[in-house]
>>> print(open('entry.cif').read())   # mmCIF, C-alpha atoms and all ligand atoms
data_run
loop_
_atom_site.label_atom_id
_atom_site.label_comp_id
_atom_site.auth_asym_id
_atom_site.auth_seq_id
_atom_site.Cartn_x
_atom_site.Cartn_y
_atom_site.Cartn_z
CA MET L 1 4.27 -10.24 -25.53
CA LYS L 2 1.46 -10.80 -23.00
CA LEU L 3 -1.75 -11.10 -24.96
CA VAL L 4 -5.39 -11.26 -23.93
CA ALA L 5 -7.84 -12.61 -26.51
CA LEU L 6 -11.58 -11.97 -26.18
CA ALA L 7 -13.40 -14.89 -27.75
CA GLY L 8 -16.79 -16.34 -28.58
CA GLY L 9 -17.24 -19.79 -30.09
CA VAL L 10 -15.79 -21.31 -33.24
CA GLY L 11 -14.01 -18.24 -34.77
CA GLY L 12 -12.64 -17.22 -31.38
CA ALA L 13 -11.47 -20.75 -30.68
CA LYS L 14 -9.57 -21.01 -33.98
CA MET L 15 -7.86 -17.66 -33.36
CA ALA L 16 -7.00 -18.66 -29.78
CA TYR L 17 -5.47 -21.89 -31.12
CA GLY L 18 -3.23 -19.85 -33.44
CA PHE L 19 -1.99 -17.71 -30.52
CA ALA L 20 -1.59 -20.79 -28.30
CA GLN L 21 0.77 -22.31 -30.88
CA THR L 22 2.73 -19.05 -31.17
CA LEU L 23 3.09 -17.70 -27.60
CA PRO L 24 4.43 -19.35 -24.43
CA PRO L 25 1.42 -20.47 -22.33
CA HIS L 26 2.00 -17.91 -19.53
CA GLN L 27 1.78 -15.07 -22.09
CA LEU L 28 -1.74 -15.92 -23.31
CA THR L 29 -5.08 -15.47 -21.55
CA ILE L 30 -8.34 -16.12 -23.33
CA ILE L 31 -11.47 -14.51 -21.87
CA VAL L 32 -14.54 -16.31 -23.16
CA ASN L 33 -18.15 -15.23 -23.60
CA THR L 34 -20.62 -16.99 -21.30
CA GLY L 35 -23.75 -15.21 -22.57
CA ASP L 36 -24.54 -18.32 -24.66
CA ASP L 37 -24.59 -20.57 -21.58
CA PHE L 38 -27.86 -22.22 -20.64
CA GLU L 39 -29.39 -25.05 -18.66
CA HIS L 40 -30.68 -28.03 -20.57
CA PHE L 41 -31.75 -31.35 -19.02
CA GLY L 42 -30.74 -29.76 -15.70
CA LEU L 43 -27.14 -29.51 -16.97
CA TYR L 44 -25.07 -26.32 -17.09
CA ILE L 45 -23.84 -25.97 -20.67
CA CYS L 46 -21.13 -23.46 -21.68
CA PRO L 47 -20.86 -23.78 -25.49
CA ASP L 48 -18.22 -21.10 -26.08
CA LEU L 49 -16.00 -22.14 -23.18
CA ASP L 50 -16.17 -25.76 -24.31
CA THR L 51 -15.51 -24.86 -27.95
CA VAL L 52 -12.40 -22.89 -26.95
CA CYS L 53 -11.15 -25.62 -24.59
CA TYR L 54 -11.83 -28.53 -26.97
CA THR L 55 -10.08 -26.61 -29.78
CA LEU L 56 -7.01 -25.78 -27.67
CA ALA L 57 -6.84 -29.40 -26.47
CA GLY L 58 -7.10 -30.75 -30.03
CA LEU L 59 -10.38 -32.47 -29.11
CA ALA L 60 -12.83 -30.38 -31.18
CA ASN L 61 -14.99 -31.74 -33.95
CA PRO L 62 -13.21 -30.54 -37.11
CA ILE L 63 -16.43 -30.40 -39.17
CA THR L 64 -18.77 -28.41 -36.89
CA GLY L 65 -16.09 -26.59 -34.87
CA TRP L 66 -18.17 -27.22 -31.70
CA GLY L 67 -18.53 -30.48 -29.76
CA ARG L 68 -16.01 -33.33 -29.71
CA ALA L 69 -14.16 -35.17 -32.45
CA ASN L 70 -14.98 -38.89 -32.81
CA GLU L 71 -18.20 -38.29 -30.87
CA THR L 72 -20.94 -40.89 -30.35
CA TRP L 73 -24.62 -40.05 -29.90
CA GLN L 74 -26.10 -42.93 -27.89
CA ALA L 75 -27.61 -40.74 -25.16
CA MET L 76 -29.16 -38.36 -27.70
CA GLN L 77 -30.65 -41.24 -29.69
CA ASN L 78 -32.18 -42.61 -26.52
CA ILE L 79 -33.57 -39.18 -25.54
CA LYS L 80 -35.15 -38.87 -29.00
CA ARG L 81 -36.69 -42.34 -28.74
CA LEU L 82 -38.17 -41.41 -25.36
CA GLY L 83 -39.75 -38.28 -26.89
CA GLY L 84 -37.38 -35.79 -25.21
CA PRO L 85 -36.02 -32.58 -26.80
CA ASP L 86 -33.29 -33.34 -29.35
CA TRP L 87 -32.84 -29.93 -30.99
CA PHE L 88 -29.57 -29.26 -29.13
CA LYS L 89 -27.16 -32.05 -29.97
CA LEU L 90 -25.18 -33.27 -26.97
CA GLY L 91 -22.71 -36.03 -27.77
CA ASP L 92 -21.81 -38.71 -25.25
CA GLN L 93 -18.31 -37.38 -24.45
CA ASP L 94 -19.57 -33.79 -24.38
CA LEU L 95 -22.32 -34.84 -21.93
CA GLY L 96 -19.58 -36.01 -19.56
CA THR L 97 -18.21 -32.43 -19.51
CA HIS L 98 -21.64 -30.99 -18.69
CA LEU L 99 -22.35 -33.61 -16.02
CA GLU L 100 -19.06 -33.02 -14.23
CA ARG L 101 -19.31 -29.22 -14.53
CA THR L 102 -22.86 -29.30 -13.13
CA ARG L 103 -21.79 -31.58 -10.26
CA ARG L 104 -18.96 -29.19 -9.36
CA LEU L 105 -21.19 -26.10 -9.57
CA LYS L 106 -23.77 -27.79 -7.31
CA GLN L 107 -21.07 -28.49 -4.73
CA GLY L 108 -20.28 -24.76 -4.71
CA ASP L 109 -17.23 -24.49 -7.01
CA ARG L 110 -16.91 -21.45 -9.27
CA LEU L 111 -17.07 -21.73 -13.06
CA SER L 112 -13.56 -20.22 -13.31
CA GLU L 113 -12.14 -22.85 -10.92
CA ILE L 114 -13.86 -25.66 -12.79
CA THR L 115 -12.58 -24.33 -16.12
CA ARG L 116 -9.03 -24.14 -14.70
CA ASP L 117 -9.24 -27.78 -13.55
CA PHE L 118 -10.73 -28.96 -16.86
CA CYS L 119 -7.94 -27.15 -18.74
CA ARG L 120 -5.35 -28.87 -16.57
CA ALA L 121 -6.95 -32.26 -17.22
CA TRP L 122 -7.04 -31.60 -20.98
CA GLY L 123 -3.40 -30.43 -21.03
CA ILE L 124 -4.22 -26.84 -22.05
CA GLY L 125 -1.32 -24.45 -21.32
CA PRO L 126 -2.75 -20.92 -21.74
CA THR L 127 -5.19 -19.51 -19.19
CA VAL L 128 -8.83 -19.82 -20.24
CA LEU L 129 -11.25 -17.73 -18.19
CA PRO L 130 -15.02 -17.46 -18.38
CA MET L 131 -15.89 -13.75 -18.54
CA SER L 132 -17.80 -14.14 -15.25
CA ASP L 133 -18.60 -16.68 -12.56
CA GLN L 134 -22.14 -15.30 -12.33
CA PRO L 135 -24.75 -16.13 -14.98
CA VAL L 136 -25.23 -13.64 -17.83
CA ARG L 137 -27.80 -14.65 -20.43
CA THR L 138 -28.00 -13.21 -23.95
CA ILE L 139 -31.59 -12.62 -25.01
CA VAL L 140 -32.23 -11.99 -28.70
CA GLU L 141 -35.11 -9.54 -29.20
CA THR L 142 -36.87 -10.57 -32.42
CA ASP L 143 -40.03 -9.92 -34.42
CA GLN L 144 -41.28 -13.19 -32.90
CA GLY L 145 -40.59 -12.20 -29.31
CA ASP L 146 -37.63 -12.43 -26.99
CA LEU L 147 -35.63 -15.64 -27.36
CA PRO L 148 -32.87 -17.07 -25.15
CA PHE L 149 -29.76 -17.27 -27.31
CA GLN L 150 -29.62 -21.03 -27.99
CA GLU L 151 -33.36 -21.11 -28.83
CA TYR L 152 -32.78 -18.34 -31.39
CA PHE L 153 -29.52 -19.79 -32.70
CA VAL L 154 -30.04 -23.55 -32.76
CA GLN L 155 -33.75 -24.28 -32.30
CA ARG L 156 -35.01 -21.44 -34.56
CA ARG L 157 -31.93 -21.52 -36.84
CA CYS L 158 -31.54 -17.70 -36.58
CA GLU L 159 -34.72 -17.28 -38.66
CA PRO L 160 -36.58 -14.62 -36.60
CA ARG L 161 -35.69 -11.03 -37.51
CA VAL L 162 -33.45 -9.42 -34.91
CA ARG L 163 -34.50 -6.13 -33.26
CA GLY L 164 -31.93 -5.96 -30.49
CA PHE L 165 -30.12 -7.79 -27.72
CA ARG L 166 -29.98 -7.68 -23.97
CA PHE L 167 -27.75 -9.43 -21.49
CA GLU L 168 -29.75 -10.55 -18.47
CA GLY L 169 -27.86 -10.71 -15.18
CA LEU L 170 -25.12 -8.37 -16.42
CA ASP L 171 -25.69 -5.79 -13.67
CA GLN L 172 -25.35 -8.43 -10.95
CA ALA L 173 -22.31 -10.11 -12.56
CA SER L 174 -18.66 -9.20 -12.13
CA PRO L 175 -15.62 -10.15 -14.21
CA ALA L 176 -14.23 -13.55 -13.22
CA PRO L 177 -11.15 -13.69 -10.95
CA GLY L 178 -8.04 -13.26 -13.08
CA THR L 179 -9.65 -11.27 -15.89
CA GLN L 180 -8.77 -7.82 -14.56
CA GLU L 181 -5.23 -8.90 -13.65
CA ALA L 182 -4.72 -10.32 -17.15
CA LEU L 183 -6.02 -7.12 -18.76
CA GLU L 184 -3.83 -4.94 -16.53
CA ALA L 185 -0.73 -6.96 -17.42
CA ALA L 186 -1.55 -7.24 -21.14
CA ASP L 187 0.73 -5.81 -23.84
CA ALA L 188 -2.14 -6.19 -26.32
CA ILE L 189 -5.79 -7.22 -26.48
CA VAL L 190 -7.17 -9.00 -29.53
CA ILE L 191 -10.89 -9.13 -30.23
CA CYS L 192 -11.21 -12.47 -32.04
CA PRO L 193 -13.29 -12.90 -35.23
CA SER L 194 -16.42 -13.67 -33.22
CA ASN L 195 -19.92 -12.22 -33.54
CA PRO L 196 -19.71 -8.61 -32.23
CA TRP L 197 -23.35 -8.53 -31.06
CA VAL L 198 -23.66 -11.81 -29.17
CA SER L 199 -20.11 -13.05 -28.53
CA ILE L 200 -17.99 -9.95 -27.87
CA ASP L 201 -20.51 -7.35 -26.62
CA PRO L 202 -21.41 -9.43 -23.53
CA ILE L 203 -17.71 -9.36 -22.52
CA LEU L 204 -17.24 -5.66 -23.31
CA HIS L 205 -20.45 -4.67 -21.53
CA LEU L 206 -19.50 -6.75 -18.49
CA PHE L 207 -16.21 -4.81 -18.26
CA GLY L 208 -18.22 -1.60 -18.61
CA TRP L 209 -16.73 -0.85 -22.04
CA ARG L 210 -19.87 0.48 -23.72
CA SER L 211 -18.88 3.82 -25.22
CA ARG L 212 -15.97 6.25 -25.51
CA GLU L 213 -17.15 8.06 -22.36
CA GLU L 214 -17.78 4.82 -20.51
CA THR L 215 -14.67 2.70 -20.92
CA PRO L 216 -12.95 2.47 -17.56
CA TRP L 217 -9.49 0.98 -17.70
CA PHE L 218 -8.27 -1.38 -15.01
CA GLY L 219 -4.62 -0.41 -15.01
CA PRO L 220 -2.41 2.67 -15.45
CA ARG L 221 -1.79 2.08 -19.17
CA ARG L 222 -4.17 0.82 -21.83
CA PRO L 223 -2.55 -1.60 -24.26
CA PRO L 224 -3.37 -1.54 -27.99
CA ILE L 225 -6.65 -3.22 -28.88
CA VAL L 226 -6.95 -4.91 -32.27
CA ALA L 227 -10.03 -6.63 -33.74
CA VAL L 228 -10.07 -9.34 -36.37
CA SER L 229 -13.07 -8.93 -38.67
CA PRO L 230 -15.65 -11.75 -38.47
CA LEU L 231 -16.94 -10.58 -41.89
CA ILE L 232 -15.35 -11.26 -45.29
CA ALA L 233 -16.86 -9.50 -48.30
CA GLY L 234 -19.96 -8.67 -46.25
CA GLN L 235 -20.57 -12.29 -45.24
CA ALA L 236 -19.98 -13.92 -41.86
CA VAL L 237 -17.40 -16.71 -41.98
CA LYS L 238 -19.81 -18.65 -39.73
CA GLY L 239 -23.09 -17.77 -38.01
CA PRO L 240 -25.58 -14.93 -38.23
CA ALA L 241 -23.40 -11.81 -37.77
CA ALA L 242 -24.07 -10.42 -41.29
CA LYS L 243 -27.81 -11.15 -41.00
CA MET L 244 -27.90 -9.39 -37.62
CA PHE L 245 -26.19 -6.25 -38.98
CA ALA L 246 -28.59 -6.16 -41.96
CA GLU L 247 -31.70 -6.64 -39.79
CA LEU L 248 -30.54 -3.83 -37.51
CA GLY L 249 -30.32 -1.56 -40.58
CA ILE L 250 -26.51 -1.58 -40.83
CA GLU L 251 -24.75 -2.58 -44.07
CA PRO L 252 -22.66 -5.64 -43.12
CA SER L 253 -19.03 -4.88 -43.99
CA VAL L 254 -15.67 -4.37 -42.33
CA LEU L 255 -16.66 -0.69 -41.97
CA ALA L 256 -19.54 -1.79 -39.73
CA ILE L 257 -17.09 -3.82 -37.63
CA VAL L 258 -14.74 -0.83 -37.22
CA ASP L 259 -17.72 1.35 -36.33
CA HIS L 260 -19.06 -1.21 -33.85
CA TYR L 261 -15.82 -1.08 -31.80
CA ARG L 262 -14.88 2.49 -32.77
CA TRP L 263 -13.95 3.81 -29.32
CA LEU L 264 -11.76 0.83 -28.51
CA LEU L 265 -9.70 0.00 -31.56
CA ASN L 266 -6.09 0.85 -32.35
CA GLY L 267 -6.09 -1.44 -35.37
CA ILE L 268 -8.20 -3.81 -37.44
CA VAL L 269 -7.38 -7.00 -39.32
CA VAL L 270 -9.41 -7.51 -42.50
CA ASP L 271 -9.41 -9.97 -45.35
CA SER L 272 -7.42 -9.17 -48.51
CA SER L 273 -10.62 -9.53 -50.54
CA ASP L 274 -11.92 -6.42 -48.71
CA SER L 275 -8.97 -4.29 -49.88
CA GLU L 276 -11.18 -1.79 -51.81
CA ILE L 277 -13.55 -1.06 -48.93
CA ALA L 278 -10.62 -1.09 -46.48
CA LYS L 279 -9.36 2.14 -48.16
CA GLN L 280 -12.15 3.91 -46.23
CA ILE L 281 -10.91 2.66 -42.82
CA LYS L 282 -9.22 5.44 -40.85
CA ILE L 283 -7.29 3.32 -38.32
CA PRO L 284 -4.19 1.14 -38.96
CA THR L 285 -5.30 -1.89 -40.98
CA LEU L 286 -3.68 -5.26 -41.60
CA LEU L 287 -4.87 -6.76 -44.90
CA THR L 288 -4.31 -10.48 -45.04
CA ASP L 289 -6.03 -13.82 -45.57
CA ILE L 290 -8.18 -14.19 -42.43
CA LEU L 291 -10.09 -17.36 -43.35
CA MET L 292 -8.75 -20.05 -40.99
CA GLN L 293 -9.27 -23.33 -42.82
CA SER L 294 -6.26 -25.20 -41.45
CA ALA L 295 -4.12 -25.19 -38.32
CA ALA L 296 -1.36 -23.59 -40.42
CA ASP L 297 -3.74 -20.72 -41.35
CA ARG L 298 -4.48 -20.06 -37.67
CA ILE L 299 -0.78 -19.95 -36.74
CA ARG L 300 0.18 -17.75 -39.72
CA LEU L 301 -2.64 -15.32 -38.90
CA ALA L 302 -1.66 -15.21 -35.21
CA ARG L 303 1.98 -14.42 -36.16
CA GLU L 304 0.93 -11.69 -38.58
CA ILE L 305 -1.36 -10.11 -35.98
CA MET L 306 1.47 -10.05 -33.41
CA GLU L 307 3.80 -8.37 -35.93
CA PHE L 308 1.01 -5.88 -36.72
CA ILE L 309 0.56 -5.11 -33.00
CA GLU L 310 4.31 -4.56 -32.62
CA SER L 311 4.24 -2.16 -35.58
CA LEU L 312 1.55 -0.08 -33.80
CA SER L 313 3.71 0.82 -30.83
N1 LIG L 401 -24.80 -25.63 -32.60
C1 LIG L 401 -25.75 -26.02 -33.45
O1 LIG L 401 -25.94 -25.36 -34.47
N2 LIG L 401 -26.52 -27.14 -33.20
C2 LIG L 401 -26.35 -27.89 -32.07
O2 LIG L 401 -27.07 -28.88 -31.89
C3 LIG L 401 -25.32 -27.51 -31.17
C4 LIG L 401 -25.02 -28.26 -30.04
C5 LIG L 401 -23.93 -27.89 -29.23
C6 LIG L 401 -23.57 -28.66 -28.12
C7 LIG L 401 -22.51 -28.30 -27.33
C8 LIG L 401 -21.79 -27.14 -27.62
O3 LIG L 401 -20.75 -26.79 -26.83
C9 LIG L 401 -22.10 -26.35 -28.71
C10 LIG L 401 -23.20 -26.72 -29.52
N3 LIG L 401 -23.56 -25.94 -30.61
C11 LIG L 401 -24.56 -26.34 -31.48
C12 LIG L 401 -22.84 -24.70 -30.92
C13 LIG L 401 -23.39 -23.50 -30.13
O4 LIG L 401 -24.76 -23.40 -30.13
C14 LIG L 401 -22.84 -22.21 -30.79
O5 LIG L 401 -21.64 -22.42 -31.46
C15 LIG L 401 -22.48 -21.13 -29.84
O6 LIG L 401 -23.28 -20.96 -28.75
C16 LIG L 401 -22.29 -19.81 -30.60
O7 LIG L 401 -21.01 -19.39 -30.38
#
>>> encode(input="entry.cif", output="structure tokens")
Amino acid sequence: MKLVALAGGVGGAKMAYGFAQTLPPHQLTIIVNTGDDFEHFGLYICPDLDTVCYTLAGLANPITGWGRANETWQAMQNIKRLGGPDWFKLGDQDLGTHLERTRRLKQGDRLSEITRDFCRAWGIGPTVLPMSDQPVRTIVETDQGDLPFQEYFVQRRCEPRVRGFRFEGLDQASPAPGTQEALEAADAIVICPSNPWVSIDPILHLFGWRSREETPWFGPRRPPIVAVSPLIAGQAVKGPAAKMFAELGIEPSVLAIVDHYRWLLNGIVVDSSDSEIAKQIKIPTLLTDILMQSAADRIRLAREIMEFIESLS
């Protein structure tokens, strides 16, 4: 089965890891959100791409989910001592990734080429693609003004009340080379348990998938699309998804997730603890344990999702 996974950061990375352990490398493409990317200290930082790559390579920090395992913080400690900004924690090994990526971008290489080369160097088999080679920037519209994503998420700890989102640069950006080909060839598309508003919507909007009327398909046949809920019992497994739904006046639950992607989905994967509310879902539903605490959880979930997809067709 050729599978395309749409992923944001930590939740997307764990799901991608499960598929990477289950499918041959040439059957898996992971398209990653780049709306969280930003420039800091003159460096081009791609948090979701790095989180996915570090996770697939077995290099990710197991506690935070982002950044590197066995990291040291000498550069950051020095920056702090010199009075520089230390709100966004860049470890020494991680800094090497940003330095090399920035050097390559400045010499004219594309983000997708650089990601391909980094994946090769890290021994990653599946194809990892940034959603676009052009910059798209998620802006969180809040009661305290418009905030670039990392300022909202890390510096302001998601405290401002959300009013909406916009994705700057989207109209000038195009899907990265390889994304359309992967989608055309896909037997299934999985929307990973990532934040729908800020991790998945930038990808969907970039592809022009914004509503039932406005969802062009790249190929002759559209494969089944299945989403894995990022919410369990109304709470986000990680991050501000539930808070965002609530502040936008939507009750955070698996029903809100189904509704969010309503024109796209052929199936939804929800946690067993949501079995009562899942009775109201009108599309095929896989009820299982979706909390991925261990590598074994990720692999089991990936296998179950693939069986579920096969049962749909
Ligand atoms: N998240 C934090 O909450 N605090 C940080 O200091 C932080 C640093 C960081 C550095 C590199 C990187 O790749 C990710 C980092 N993240 C940090 C995570 C990142 O902000 C979010 O996970 C994503 O952008 C949301 O998917």
>>> residues_around(input="entry.cif", residues="region 195-205 of chain L", least_positions_apart="5", cutoff="7 Å", atoms="all atoms listed in the file", output="VMD selection string")
chain L and resid 6 to 8 33 35 131 138 167 210 230 241
>>> write_last_selection(input="entry.cif", atoms="C-alpha atoms", output="mmCIF file, keeping the file's coordinate frame")
data_model
loop_
_atom_site.group_PDB
_atom_site.id
_atom_site.type_symbol
_atom_site.label_atom_id
_atom_site.label_comp_id
_atom_site.auth_asym_id
_atom_site.auth_seq_id
_atom_site.Cartn_x
_atom_site.Cartn_y
_atom_site.Cartn_z
ATOM 1 C CA LEU L 6 -11.580 -11.970 -26.180
ATOM 2 C CA ALA L 7 -13.400 -14.890 -27.750
ATOM 3 C CA GLY L 8 -16.790 -16.340 -28.580
ATOM 4 C CA ASN L 33 -18.150 -15.230 -23.600
ATOM 5 C CA GLY L 35 -23.750 -15.210 -22.570
ATOM 6 C CA MET L 131 -15.890 -13.750 -18.540
ATOM 7 C CA THR L 138 -28.000 -13.210 -23.950
ATOM 8 C CA PHE L 167 -27.750 -9.430 -21.490
ATOM 9 C CA ARG L 210 -19.870 0.480 -23.720
ATOM 10 C CA PRO L 230 -15.650 -11.750 -38.470
ATOM 11 C CA ALA L 241 -23.400 -11.810 -37.770
#
>>> residues_near_ligand(input="entry.cif", ligand="ligand LIG 401 (chain L)", cutoff="7 Å", atoms="all atoms listed in the file", output="MDAnalysis selection string")
chainID L and resid 8:10 36 45:48 50:51 66:67 87:90 94 150 153:154 199
>>> write_last_selection(input="entry.cif", atoms="C-alpha atoms", output="mmCIF file, in the coordinates of the input")
data_model
loop_
_atom_site.group_PDB
_atom_site.id
_atom_site.type_symbol
_atom_site.label_atom_id
_atom_site.label_comp_id
_atom_site.auth_asym_id
_atom_site.auth_seq_id
_atom_site.Cartn_x
_atom_site.Cartn_y
_atom_site.Cartn_z
ATOM 1 C CA GLY L 8 -16.790 -16.340 -28.580
ATOM 2 C CA GLY L 9 -17.240 -19.790 -30.090
ATOM 3 C CA VAL L 10 -15.790 -21.310 -33.240
ATOM 4 C CA ASP L 36 -24.540 -18.320 -24.660
ATOM 5 C CA ILE L 45 -23.840 -25.970 -20.670
ATOM 6 C CA CYS L 46 -21.130 -23.460 -21.680
ATOM 7 C CA PRO L 47 -20.860 -23.780 -25.490
ATOM 8 C CA ASP L 48 -18.220 -21.100 -26.080
ATOM 9 C CA ASP L 50 -16.170 -25.760 -24.310
ATOM 10 C CA THR L 51 -15.510 -24.860 -27.950
ATOM 11 C CA TRP L 66 -18.170 -27.220 -31.700
ATOM 12 C CA GLY L 67 -18.530 -30.480 -29.760
ATOM 13 C CA TRP L 87 -32.840 -29.930 -30.990
ATOM 14 C CA PHE L 88 -29.570 -29.260 -29.130
ATOM 15 C CA LYS L 89 -27.160 -32.050 -29.970
ATOM 16 C CA LEU L 90 -25.180 -33.270 -26.970
ATOM 17 C CA ASP L 94 -19.570 -33.790 -24.380
ATOM 18 C CA GLN L 150 -29.620 -21.030 -27.990
ATOM 19 C CA PHE L 153 -29.520 -19.790 -32.700
ATOM 20 C CA VAL L 154 -30.040 -23.550 -32.760
ATOM 21 C CA SER L 199 -20.110 -13.050 -28.530
#
>>> atom_distance(input="entry.cif", atom1="CA of Leu49 (chain L)", atom2="CA of Pro252 (chain L)")
26.7 Å
>>> axis_aligned_box(input="entry.cif", around="region 243-260 of chain L", padding_each_side="3 Å", output="AutoDock Vina command-line options")
--center_x -23.2 --center_y -4.9 --center_z -39.0 --size_x 23.0 --size_y 18.5 --size_z 16.2
>>> residues_around(input="entry.cif", residues="Gln77 (chain L)", least_positions_apart="2", cutoff="12 Å", atoms="only C-alpha atoms", output="list in words")
Thr72, Trp73, Gln74, Ala75, Ile79, Lys80, Arg81, Leu82, Gly83, Gly84, Pro85, Asp86, Trp87, Lys89, Leu90, Gly91 and Asp92 of chain L
>>> closest_residue(input="entry.cif", among="L:Glu251, L:Asp117, L:Glu141, L:Glu159", to="Thr97 (chain L)", atoms="only C-alpha atoms")
L:Asp117
>>> closest_residue(input="entry.cif", among="L:Pro148, L:Pro130, L:Pro24, L:Pro193", to="Ala173 (chain L)", atoms="all atoms listed in the file")
L:Pro130
>>> closest_atom_pairs(input="entry.cif", of="region 7-65 of chain L", to="region 183-189 of chain L", cutoff="10 Å", atoms="all atoms listed in the file", output="JSON lines")
{"residue": "L:Gln27", "atom": "CA", "partner": "L:Ala186", "partner_atom": "CA", "distance": 8.6}
{"residue": "L:Leu28", "atom": "CA", "partner": "L:Ala186", "partner_atom": "CA", "distance": 8.9}
{"residue": "L:Thr29", "atom": "CA", "partner": "L:Leu183", "partner_atom": "CA", "distance": 8.9}
{"residue": "L:Ile30", "atom": "CA", "partner": "L:Ile189", "partner_atom": "CA", "distance": 9.8}
{"residue": "L:Ile31", "atom": "CA", "partner": "L:Leu183", "partner_atom": "CA", "distance": 9.7}
>>> atom_distance(input="entry.cif", atom1="CA of Asp133 (chain L)", atom2="CA of Pro177 (chain L)")
8.2 Å
>>> closest_residue(input="entry.cif", among="L:Gly123, L:Val4, L:Arg157, L:Phe165", to="Gly178 (chain L)", atoms="all atoms listed in the file")
L:Val4
>>> build_atoms(input="entry.cif", residues="region 74-86 of chain L", atoms="N, CA and C atoms", output="PDB file, keeping the file's coordinate frame")
ATOM      1  N   GLN L  74     -25.193 -41.945 -28.495  1.00  0.00           N
ATOM      2  CA  GLN L  74     -26.100 -42.930 -27.890  1.00  0.00           C
ATOM      3  C   GLN L  74     -27.135 -42.262 -26.980  1.00  0.00           C
ATOM      4  N   ALA L  75     -26.685 -41.375 -26.115  1.00  0.00           N
ATOM      5  CA  ALA L  75     -27.610 -40.740 -25.160  1.00  0.00           C
ATOM      6  C   ALA L  75     -28.675 -39.949 -25.908  1.00  0.00           C
ATOM      7  N   MET L  76     -28.228 -39.186 -26.932  1.00  0.00           N
ATOM      8  CA  MET L  76     -29.160 -38.360 -27.700  1.00  0.00           C
ATOM      9  C   MET L  76     -30.197 -39.224 -28.431  1.00  0.00           C
ATOM     10  N   GLN L  77     -29.725 -40.351 -28.988  1.00  0.00           N
ATOM     11  CA  GLN L  77     -30.650 -41.240 -29.690  1.00  0.00           C
ATOM     12  C   GLN L  77     -31.696 -41.802 -28.730  1.00  0.00           C
ATOM     13  N   ASN L  78     -31.251 -42.088 -27.522  1.00  0.00           N
ATOM     14  CA  ASN L  78     -32.180 -42.610 -26.520  1.00  0.00           C
ATOM     15  C   ASN L  78     -33.189 -41.532 -26.112  1.00  0.00           C
ATOM     16  N   ILE L  79     -32.673 -40.301 -25.916  1.00  0.00           N
ATOM     17  CA  ILE L  79     -33.570 -39.180 -25.540  1.00  0.00           C
ATOM     18  C   ILE L  79     -34.641 -39.003 -26.614  1.00  0.00           C
ATOM     19  N   LYS L  80     -34.214 -39.058 -27.881  1.00  0.00           N
ATOM     20  CA  LYS L  80     -35.150 -38.870 -29.000  1.00  0.00           C
ATOM     21  C   LYS L  80     -36.217 -39.977 -28.965  1.00  0.00           C
ATOM     22  N   ARG L  81     -35.773 -41.203 -28.768  1.00  0.00           N
ATOM     23  CA  ARG L  81     -36.690 -42.340 -28.740  1.00  0.00           C
ATOM     24  C   ARG L  81     -37.720 -42.204 -27.616  1.00  0.00           C
ATOM     25  N   LEU L  82     -37.276 -41.586 -26.515  1.00  0.00           N
ATOM     26  CA  LEU L  82     -38.170 -41.410 -25.360  1.00  0.00           C
ATOM     27  C   LEU L  82     -39.054 -40.168 -25.515  1.00  0.00           C
ATOM     28  N   GLY L  83     -38.895 -39.445 -26.632  1.00  0.00           N
ATOM     29  CA  GLY L  83     -39.750 -38.280 -26.890  1.00  0.00           C
ATOM     30  C   GLY L  83     -39.215 -36.995 -26.275  1.00  0.00           C
ATOM     31  N   GLY L  84     -37.965 -36.990 -25.816  1.00  0.00           N
ATOM     32  CA  GLY L  84     -37.380 -35.790 -25.210  1.00  0.00           C
ATOM     33  C   GLY L  84     -36.874 -34.816 -26.271  1.00  0.00           C
ATOM     34  N   PRO L  85     -36.474 -33.592 -25.835  1.00  0.00           N
ATOM     35  CA  PRO L  85     -36.020 -32.580 -26.800  1.00  0.00           C
ATOM     36  C   PRO L  85     -34.654 -32.946 -27.399  1.00  0.00           C
ATOM     37  N   ASP L  86     -34.571 -32.969 -28.716  1.00  0.00           N
ATOM     38  CA  ASP L  86     -33.290 -33.340 -29.350  1.00  0.00           C
ATOM     39  C   ASP L  86     -32.778 -32.248 -30.279  1.00  0.00           C
TER      40      ASP L  86
END
